[in-house]
Amino acid sequence: MVHFVGLDVSVKTTSVCVVDDAGKVILEQKVATEPADIIAILTSLGVSFGRIGIEAGRCRSGWSMR
């Protein structure tokens, strides 16, 4: 089963939403806006991702702008 991720990145926190291919919400959680924290929450699910989308708004989190 393929899963899809949406990331809404803010300066301090990132909202993470994961849905399966039927649209069922698997995870909704906020984590610190740090690469290690985002990676940890996604890999903890042990599933594969078809696509990962990120909100294209104005964000000044530093690493995500590179």
# chains A, B, ... in the order shown; residues from 1 in each chain; ligands from 1
call {"tool": "residues_around", "arguments": {"residues": "region 48-51 of chain A", "least_positions_apart": "3", "cutoff": "6 Å", "atoms": "only C-alpha atoms", "output": "list of chain:residue names"}}
result
A:Val2, A:His3, A:Phe4
call {"tool": "residues_around", "arguments": {"residues": "Val47 (chain A)", "least_positions_apart": "4", "cutoff": "12 Å", "atoms": "only C-alpha atoms", "output": "VMD selection string"}}
result
chain A and resid 1 to 5 18 to 21 26 to 27 41 to 43
call {"tool": "write_last_selection", "arguments": {"atoms": "C-alpha atoms", "output": "PDB file, in the first residue's frame"}}
result
ATOM      1  CA  MET A   1       0.000   0.000   0.000  1.00  0.00           C
ATOM      2  CA  VAL A   2       1.305   3.438  -0.953  1.00  0.00           C
ATOM      3  CA  HIS A   3       1.103   6.355   1.469  1.00  0.00           C
ATOM      4  CA  PHE A   4       1.201  10.093   0.897  1.00  0.00           C
ATOM      5  CA  VAL A   5       2.638  12.814   3.139  1.00  0.00           C
ATOM      6  CA  VAL A  18       0.025  10.829   6.276  1.00  0.00           C
ATOM      7  CA  VAL A  19      -2.821   9.200   4.335  1.00  0.00           C
ATOM      8  CA  ASP A  20      -3.075   5.832   2.623  1.00  0.00           C
ATOM      9  CA  ASP A  21      -4.060   5.318  -1.001  1.00  0.00           C
ATOM     10  CA  ILE A  26      -2.868   7.326   9.214  1.00  0.00           C
ATOM     11  CA  LEU A  27      -1.081  10.068  11.160  1.00  0.00           C
ATOM     12  CA  ILE A  41       8.233  10.406  12.561  1.00  0.00           C
ATOM     13  CA  LEU A  42       8.009   9.280   8.936  1.00  0.00           C
ATOM     14  CA  THR A  43      10.361   6.310   9.242  1.00  0.00           C
TER      15      THR A  43
END
call {"tool": "select_by_dssp", "arguments": {"residues": "chain A", "states": "helix (DSSP H, G or I)", "output": "NGL selection string"}}
result
:A and (35-43 or 63-65)
call {"tool": "write_last_selection", "arguments": {"atoms": "C-alpha atoms", "output": "PDB file, in the first residue's frame"}}
result
ATOM      1  CA  PRO A  35      15.128  17.366   9.634  1.00  0.00           C
ATOM      2  CA  ALA A  36      15.880  14.617  12.172  1.00  0.00           C
ATOM      3  CA  ASP A  37      12.461  14.979  13.828  1.00  0.00           C
ATOM      4  CA  ILE A  38      10.571  14.891  10.528  1.00  0.00           C
ATOM      5  CA  ILE A  39      12.565  11.879   9.324  1.00  0.00           C
ATOM      6  CA  ALA A  40      12.022  10.077  12.640  1.00  0.00           C
ATOM      7  CA  ILE A  41       8.233  10.406  12.561  1.00  0.00           C
ATOM      8  CA  LEU A  42       8.009   9.280   8.936  1.00  0.00           C
ATOM      9  CA  THR A  43      10.361   6.310   9.242  1.00  0.00           C
ATOM     10  CA  TRP A  63      17.491  24.374   6.209  1.00  0.00           C
ATOM     11  CA  SER A  64      14.225  24.013   4.254  1.00  0.00           C
ATOM     12  CA  MET A  65      15.074  27.047   2.128  1.00  0.00           C
TER      13      MET A  65
END
call {"tool": "select_by_dssp", "arguments": {"residues": "chain A", "states": "strand (DSSP E or B)", "output": "PyMOL selection string"}}
result
chain A and resi 2-9+13-20+25-32+48-54
call {"tool": "write_last_selection", "arguments": {"atoms": "C-alpha atoms", "output": "compact mmCIF listing (two decimals), in the first residue's frame"}}
result
# COMPACT_ATOMS: atom_id res chain seq x y z
CA VAL A 2 1.30 3.44 -0.95
CA HIS A 3 1.10 6.35 1.47
CA PHE A 4 1.20 10.09 0.90
CA VAL A 5 2.64 12.81 3.14
CA GLY A 6 1.75 16.47 3.54
CA LEU A 7 4.09 18.79 5.44
CA ASP A 8 3.04 22.25 6.62
CA VAL A 9 6.34 23.82 7.68
CA THR A 13 6.86 23.27 14.21
CA THR A 14 5.86 21.19 11.20
CA SER A 15 2.42 19.62 10.87
CA VAL A 16 2.70 16.15 9.36
CA CYS A 17 -0.23 14.32 7.77
CA VAL A 18 0.02 10.83 6.28
CA VAL A 19 -2.82 9.20 4.34
CA ASP A 20 -3.07 5.83 2.62
CA VAL A 25 -5.63 9.44 7.69
CA ILE A 26 -2.87 7.33 9.21
CA LEU A 27 -1.08 10.07 11.16
CA GLU A 28 -1.62 13.72 12.06
CA GLN A 29 1.04 15.16 14.32
CA LYS A 30 3.18 18.22 14.93
CA VAL A 31 6.94 17.88 15.30
CA ALA A 32 9.80 20.32 15.68
CA SER A 48 6.57 3.41 1.71
CA PHE A 49 5.60 6.84 0.42
CA GLY A 50 4.38 7.57 -3.09
CA ARG A 51 4.72 11.33 -2.74
CA ILE A 52 5.66 13.88 -0.13
CA GLY A 53 4.26 17.39 -0.54
CA ILE A 54 5.37 20.51 1.28
